[in-house]
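Okay, coords-v1.csv is below, CSV, C-alpha atoms:
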```csv
chain,number,residue,atom,x,y,z
F,27,MET,CA,21.7,11.6,4.8
F,28,GLU,CA,20.9,11.2,1.1
F,29,ILE,CA,18.7,8.2,0.3
F,30,PRO,CA,18.9,6.6,-3.2
F,31,GLY,CA,15.8,7.3,-5.1
F,32,GLN,CA,14.6,10.0,-2.8
F,33,LYS,CA,13.7,13.5,-4.0
F,34,GLU,CA,14.4,16.6,-2.1
F,35,ALA,CA,12.2,16.6,1.1
F,36,LEU,CA,9.8,19.3,2.0
F,37,PRO,CA,10.0,21.0,5.4
F,38,MET,CA,8.3,18.9,8.1
F,39,ASP,CA,6.9,19.6,11.6
F,40,ALA,CA,9.8,18.7,13.9
F,41,HIS,CA,7.3,18.3,16.8
F,42,MET,CA,5.1,15.8,15.0
F,43,SER,CA,4.7,12.8,17.4
F,44,ARG,CA,4.8,9.2,16.3
F,45,GLU,CA,1.1,8.9,16.9
F,46,ASP,CA,0.4,11.9,14.8
F,47,ARG,CA,2.5,10.5,12.0
F,48,LEU,CA,0.8,7.1,12.1
F,49,SER,CA,-2.6,8.8,12.2
F,50,ALA,CA,-1.7,11.0,9.2
F,51,LEU,CA,-0.6,7.9,7.2
F,52,ALA,CA,-3.8,6.1,8.1
F,53,GLN,CA,-5.9,9.0,6.8
F,54,GLU,CA,-3.9,9.2,3.6
F,55,VAL,CA,-4.3,5.5,3.1
F,56,ARG,CA,-8.1,5.8,3.5
F,57,ASP,CA,-8.3,8.7,1.0
F,58,THR,CA,-6.0,7.2,-1.6
F,59,LEU,CA,-7.7,3.8,-1.4
F,60,ALA,CA,-11.1,5.4,-1.8
F,61,LEU,CA,-9.8,7.1,-4.9
F,62,SER,CA,-7.9,4.2,-6.5
F,63,GLY,CA,-9.6,1.0,-5.1
F,64,ASN,CA,-6.1,-0.6,-5.5
F,65,CYS,CA,-4.1,-1.8,-2.5
F,66,ALA,CA,-0.8,-2.1,-4.3
F,67,GLN,CA,-0.9,1.4,-5.7
F,68,THR,CA,-2.3,2.9,-2.5
F,69,SER,CA,0.5,1.5,-0.3
F,70,PHE,CA,3.2,2.6,-2.7
F,71,ALA,CA,1.7,6.0,-3.4
F,72,VAL,CA,1.4,6.9,0.2
F,73,LEU,CA,5.0,5.9,1.0
F,74,GLN,CA,6.1,7.7,-2.2
F,75,HIS,CA,4.5,10.8,-1.0
F,76,GLU,CA,5.7,10.4,2.5
F,77,PHE,CA,9.4,10.1,1.6
F,78,GLY,CA,9.5,11.9,-1.7
F,79,LEU,CA,10.5,8.7,-3.6
F,80,ASP,CA,10.8,8.4,-7.4
F,81,GLY,CA,8.7,5.9,-9.1
F,82,GLU,CA,5.8,7.2,-11.2
F,83,THR,CA,6.4,4.3,-13.7
F,84,ILE,CA,6.4,1.9,-10.7
F,85,LEU,CA,3.0,3.3,-9.6
F,86,LYS,CA,1.6,2.6,-13.1
F,87,ALA,CA,3.2,-0.9,-13.2
F,88,LEU,CA,1.5,-1.8,-9.9
F,89,THR,CA,-2.0,-1.4,-11.4
F,90,PRO,CA,-2.6,-5.2,-11.8
F,91,PHE,CA,-0.9,-6.2,-8.6
F,92,PRO,CA,-3.7,-6.5,-6.0
F,93,GLY,CA,-3.7,-10.1,-5.1
F,94,ILE,CA,-1.5,-10.5,-8.1
F,95,ALA,CA,-4.2,-9.8,-10.7
F,96,LEU,CA,-7.0,-10.6,-8.3
F,97,ARG,CA,-6.0,-14.3,-8.1
F,98,GLY,CA,-5.9,-14.3,-4.3
F,99,GLU,CA,-2.1,-14.5,-4.2
F,100,THR,CA,0.3,-12.0,-2.5
F,101,CYS,CA,-1.5,-9.0,-1.0
F,102,GLY,CA,-1.0,-5.8,-3.0
F,103,ALA,CA,-0.1,-3.9,0.3
F,104,VAL,CA,2.9,-6.2,0.6
F,105,THR,CA,3.9,-5.7,-3.0
F,106,GLY,CA,3.5,-1.9,-2.9
F,107,CYS,CA,5.4,-1.5,0.4
F,108,LEU,CA,8.3,-3.7,-0.8
F,109,MET,CA,8.5,-1.6,-3.9
F,110,ALA,CA,9.0,1.5,-1.7
F,111,ILE,CA,11.5,-0.3,0.5
F,112,GLY,CA,13.3,-1.4,-2.6
F,113,LEU,CA,13.7,2.1,-3.8
F,114,VAL,CA,15.3,3.1,-0.5
F,115,TYR,CA,17.5,0.0,0.0
F,116,GLY,CA,17.9,-1.5,-3.5
F,117,ARG,CA,20.8,-1.5,-5.8
F,118,ASP,CA,21.3,0.6,-9.0
F,119,LYS,CA,23.6,-1.9,-10.7
F,120,LEU,CA,22.9,-5.5,-11.4
F,121,ASP,CA,26.3,-6.6,-10.2
F,122,ASP,CA,26.1,-4.8,-6.9
F,123,TRP,CA,25.8,-7.9,-4.7
F,124,LYS,CA,26.5,-5.9,-1.5
F,125,GLY,CA,23.5,-3.7,-2.3
F,126,TYR,CA,21.4,-6.8,-3.0
F,127,ILE,CA,22.2,-8.4,0.3
F,128,ALA,CA,21.6,-5.1,2.1
F,129,SER,CA,18.1,-4.9,0.8
F,130,LEU,CA,17.0,-8.2,2.3
F,131,PRO,CA,17.0,-7.6,6.1
F,132,PRO,CA,14.6,-4.6,5.9
F,133,SER,CA,12.4,-6.4,3.4
F,134,ARG,CA,12.2,-9.6,5.4
F,135,ARG,CA,11.6,-7.6,8.6
F,136,PHE,CA,8.6,-5.9,6.9
F,137,CYS,CA,7.2,-9.3,5.7
F,138,ARG,CA,7.7,-10.8,9.2
F,139,ARG,CA,5.9,-8.0,10.9
F,140,PHE,CA,3.1,-8.1,8.4
F,141,GLU,CA,2.6,-11.8,9.0
F,142,GLU,CA,2.7,-11.3,12.7
F,143,ALA,CA,0.0,-8.7,12.4
F,144,HIS,CA,-2.3,-10.5,10.0
F,145,GLY,CA,-1.2,-14.2,9.9
F,146,SER,CA,-0.3,-14.3,6.2
F,147,THR,CA,0.7,-12.3,3.1
F,148,SER,CA,-1.8,-14.1,0.9
F,149,CYS,CA,-4.8,-12.0,-0.2
F,150,ALA,CA,-7.2,-15.0,-0.1
F,151,LYS,CA,-6.1,-16.0,3.4
F,152,LEU,CA,-6.3,-12.4,4.6
F,153,LEU,CA,-9.9,-12.0,3.4
F,154,GLU,CA,-10.9,-15.3,4.9
F,155,ALA,CA,-9.4,-14.3,8.2
F,156,LYS,CA,-11.0,-10.8,8.2
F,157,LEU,CA,-14.3,-11.5,6.6
F,158,GLY,CA,-14.9,-15.2,7.3
F,159,ARG,CA,-14.6,-16.4,3.7
F,160,GLY,CA,-12.7,-15.9,0.6
F,161,PHE,CA,-13.9,-13.9,-2.4
F,162,ASN,CA,-13.2,-14.1,-6.1
F,163,LEU,CA,-12.8,-10.3,-6.7
F,164,ALA,CA,-12.7,-10.8,-10.4
F,165,ASP,CA,-16.4,-11.9,-10.2
F,166,ARG,CA,-18.9,-9.0,-10.1
F,167,GLY,CA,-21.3,-10.8,-7.8
F,168,GLU,CA,-18.6,-11.8,-5.3
F,169,SER,CA,-17.0,-8.4,-5.5
F,170,LEU,CA,-20.3,-6.8,-4.5
F,171,GLU,CA,-20.6,-9.2,-1.6
F,172,TYR,CA,-17.1,-8.3,-0.5
F,173,VAL,CA,-18.1,-4.6,-0.4
F,174,ALA,CA,-21.4,-5.3,1.4
F,175,VAL,CA,-19.7,-7.2,4.2
F,176,GLY,CA,-17.1,-4.5,4.8
F,177,GLY,CA,-14.2,-5.7,2.6
F,178,PRO,CA,-12.9,-2.3,1.7
F,179,GLN,CA,-12.8,-1.3,5.3
F,180,ALA,CA,-10.9,-4.5,6.3
F,181,CYS,CA,-8.4,-4.0,3.4
F,182,SER,CA,-8.0,-0.4,4.4
F,183,GLU,CA,-6.9,-1.5,7.9
F,184,ILE,CA,-4.5,-4.0,6.4
F,185,ILE,CA,-3.0,-1.5,4.1
F,186,THR,CA,-2.7,1.1,6.9
F,187,THR,CA,-0.7,-1.3,9.1
F,188,ALA,CA,1.5,-2.3,6.2
F,189,VAL,CA,2.3,1.3,5.3
F,190,GLN,CA,2.9,2.3,8.9
F,191,THR,CA,5.2,-0.7,9.3
F,192,ALA,CA,7.2,0.1,6.1
F,193,ALA,CA,7.4,3.8,7.0
F,194,GLU,CA,8.8,3.0,10.5
F,195,ILE,CA,11.4,0.6,8.9
F,196,ILE,CA,12.5,3.2,6.5
F,197,ARG,CA,12.6,5.9,9.1
F,198,LYS,CA,14.4,3.7,11.7
F,199,GLU,CA,17.0,2.2,9.4
F,200,ARG,CA,17.7,5.5,7.5
F,201,PRO,CA,17.4,8.4,10.0
F,202,GLY,CA,17.7,10.9,7.2
F,203,ALA,CA,14.5,9.5,5.6
F,204,GLU,CA,12.2,12.0,7.2
F,205,PRO,CA,8.7,12.7,5.9
F,206,ARG,CA,8.0,15.4,3.4
F,207,ARG,CA,5.0,16.6,5.3
F,208,SER,CA,4.7,19.7,7.4
F,209,GLY,CA,1.1,18.7,7.8
F,210,LEU,CA,-0.8,16.3,5.6
F,211,GLN,CA,-1.5,17.4,2.0
F,212,ARG,CA,-4.1,15.1,0.4
F,213,ARG,CA,-4.1,14.6,-3.3
F,214,THR,CA,-7.9,15.0,-3.7
F,215,PRO,CA,-10.5,16.1,-1.2
F,216,LEU,CA,-12.6,13.1,-0.5
F,217,GLN,CA,-15.8,12.4,1.4
F,218,PRO,CA,-16.1,8.6,1.4
F,219,ALA,CA,-19.6,7.2,1.7
F,220,VAL,CA,-20.8,3.6,1.6
F,221,ARG,CA,-23.2,4.2,-1.3
F,222,LEU,CA,-20.5,5.9,-3.3
F,223,LEU,CA,-18.1,3.0,-2.6
F,224,LEU,CA,-20.7,0.5,-3.6
F,225,ALA,CA,-21.3,2.3,-6.9
F,226,ARG,CA,-17.6,2.6,-7.7
F,227,ALA,CA,-17.1,-1.1,-6.9
F,228,TYR,CA,-20.0,-2.1,-9.1
F,229,LEU,CA,-18.7,-0.1,-12.0
F,230,ARG,CA,-15.1,-1.2,-11.5
F,231,PHE,CA,-15.7,-4.9,-11.2
F,232,SER,CA,-18.4,-5.0,-13.9
F,233,GLN,CA,-15.9,-3.5,-16.3
F,234,LEU,CA,-13.2,-5.9,-15.1
F,235,ARG,CA,-15.5,-8.9,-15.6
F,236,ARG,CA,-16.2,-7.8,-19.2
F,237,THR,CA,-12.5,-7.4,-19.8
F,238,LEU,CA,-11.7,-10.9,-18.3
F,239,ARG,CA,-14.4,-12.5,-20.5
F,240,ALA,CA,-13.0,-10.8,-23.6
```

Take the structure in the file and give it back as structure tokens.
Amino acid sequence: MEIPGQKEALPMDAHMSREDRLSALAQEVRDTLALSGNCAQTSFAVLQHEFGLDGETILKALTPFPGIALRGETCGAVTGCLMAIGLVYGRDKLDDWKGYIASLPPSRRFCRRFEEAHGSTSCAKLLEAKLGRGFNLADRGESLEYVAVGGPQACSEIITTAVQTAAEIIRKERPGAEPRRSGLQRRTPLQPAVRLLLARAYLRFSQLRRTLRA
């Protein structure tokens, strides 16, 4: 079955179990998040790679979307996954009302399952539930506290479940939407370490703070 917005798929391992697929997605989420530090881009990029979706400009456009510009609003994992779902189910013409309506059930199903798993789609509420308090990630001091108490790991778990949920929705609703993989191919060999993560977070958010003050 041809899926709108999907590139030609690569051969895949027909014997790959559901558990192996979920595990492979989880690993790619960890690697991509360690590279990008961006939940919205990570979730979209992993699904884009998984299903061969178009959307390089979407990937770029998602740059400021974590927590909607770090304001504690909608989680970037939700935004990124919905972008991928939209590429699969969305309409190409603005007057295609049938296509518009058809995109809503899988999107709402994803949001419902995300909320069932985590209690909210709000970045601020998610951080409070996972870490015991909210964080202003646009502030360098609070961003370092977020890293120190395991924030990136907590967000990685949230993104992983979001991506796994979105992938299963795409795969279930569109049987032809099989993964490109015949074994996981990571973009960049990574060896995540806490000190490296802290250093990256410090540089990233100190630069962001200077930008916000400008």

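Note that the spacing between atom CA of Gln67 of chain F and atom CA of Ser129 of chain F amounts to 21.0 Å.
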
Among listed residues F:Ala180, F:Asp122, F:Ile127, F:Gly102, nearest Cys65 of chain F (using all atoms listed in the file): F:Gly102

Calculated over only C-alpha atoms, which of the candidates F:Ser49, F:Asn162, F:Thr105, F:Thr191 has the smallest distance to Phe70 of chain F? F:Thr105

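Nearest-residue note for Arg56 of chain F: choosing from F:Val173, F:Ala192, F:Leu88, F:Val72, the minimum distance belongs to F:Val72, counting all atoms listed in the file.
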
Neighbourhood query: residues within 12 Å of (-4.0, -8.3, -3.9), file coordinates, counting only C-alpha atoms; return as a PyMOL selection string. chain F and resi 63-69+88-106+147-153+161-164+181+184-185

Only C-alpha atoms, please: the residues just picked out, written as an mmCIF file, keeping the file's coordinate frame.
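out.cif, freshly written:
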```
data_model
loop_
_atom_site.group_PDB
_atom_site.id
_atom_site.type_symbol
_atom_site.label_atom_id
_atom_site.label_comp_id
_atom_site.auth_asym_id
_atom_site.auth_seq_id
_atom_site.Cartn_x
_atom_site.Cartn_y
_atom_site.Cartn_z
ATOM 1 C CA GLY F 63 -9.600 1.000 -5.100
ATOM 2 C CA ASN F 64 -6.100 -0.600 -5.500
ATOM 3 C CA CYS F 65 -4.100 -1.800 -2.500
ATOM 4 C CA ALA F 66 -0.800 -2.100 -4.300
ATOM 5 C CA GLN F 67 -0.900 1.400 -5.700
ATOM 6 C CA THR F 68 -2.300 2.900 -2.500
ATOM 7 C CA SER F 69 0.500 1.500 -0.300
ATOM 8 C CA LEU F 88 1.500 -1.800 -9.900
ATOM 9 C CA THR F 89 -2.000 -1.400 -11.400
ATOM 10 C CA PRO F 90 -2.600 -5.200 -11.800
ATOM 11 C CA PHE F 91 -0.900 -6.200 -8.600
ATOM 12 C CA PRO F 92 -3.700 -6.500 -6.000
ATOM 13 C CA GLY F 93 -3.700 -10.100 -5.100
ATOM 14 C CA ILE F 94 -1.500 -10.500 -8.100
ATOM 15 C CA ALA F 95 -4.200 -9.800 -10.700
ATOM 16 C CA LEU F 96 -7.000 -10.600 -8.300
ATOM 17 C CA ARG F 97 -6.000 -14.300 -8.100
ATOM 18 C CA GLY F 98 -5.900 -14.300 -4.300
ATOM 19 C CA GLU F 99 -2.100 -14.500 -4.200
ATOM 20 C CA THR F 100 0.300 -12.000 -2.500
ATOM 21 C CA CYS F 101 -1.500 -9.000 -1.000
ATOM 22 C CA GLY F 102 -1.000 -5.800 -3.000
ATOM 23 C CA ALA F 103 -0.100 -3.900 0.300
ATOM 24 C CA VAL F 104 2.900 -6.200 0.600
ATOM 25 C CA THR F 105 3.900 -5.700 -3.000
ATOM 26 C CA GLY F 106 3.500 -1.900 -2.900
ATOM 27 C CA THR F 147 0.700 -12.300 3.100
ATOM 28 C CA SER F 148 -1.800 -14.100 0.900
ATOM 29 C CA CYS F 149 -4.800 -12.000 -0.200
ATOM 30 C CA ALA F 150 -7.200 -15.000 -0.100
ATOM 31 C CA LYS F 151 -6.100 -16.000 3.400
ATOM 32 C CA LEU F 152 -6.300 -12.400 4.600
ATOM 33 C CA LEU F 153 -9.900 -12.000 3.400
ATOM 34 C CA PHE F 161 -13.900 -13.900 -2.400
ATOM 35 C CA ASN F 162 -13.200 -14.100 -6.100
ATOM 36 C CA LEU F 163 -12.800 -10.300 -6.700
ATOM 37 C CA ALA F 164 -12.700 -10.800 -10.400
ATOM 38 C CA CYS F 181 -8.400 -4.000 3.400
ATOM 39 C CA ILE F 184 -4.500 -4.000 6.400
ATOM 40 C CA ILE F 185 -3.000 -1.500 4.100
#
```

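Across the model, the gap from atom CA of Glu194 of chain F to atom CA of Val114 of chain F is 12.8 Å.
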
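One distance worth recording is that between atom CA of Lys124 of chain F and atom CA of Met109 of chain F, which is 18.7 Å.
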
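Proximity to Ile196 of chain F was assessed for F:Ser62, F:Ala155, F:Ser182, F:Gln74 counting only C-alpha atoms; the smallest distance is recorded for F:Gln74.
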
Rank nothing, just name the residue among F:Met42, F:Leu120, F:Leu48, F:Leu73 nearest to Cys107 of chain F, using all atoms listed in the file. F:Leu73

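Using all atoms listed in the file, the shortest contact distance between Leu79 of chain F and any of F:Ala52, F:Ala60, F:Leu113, F:Leu157 is found at F:Leu113.
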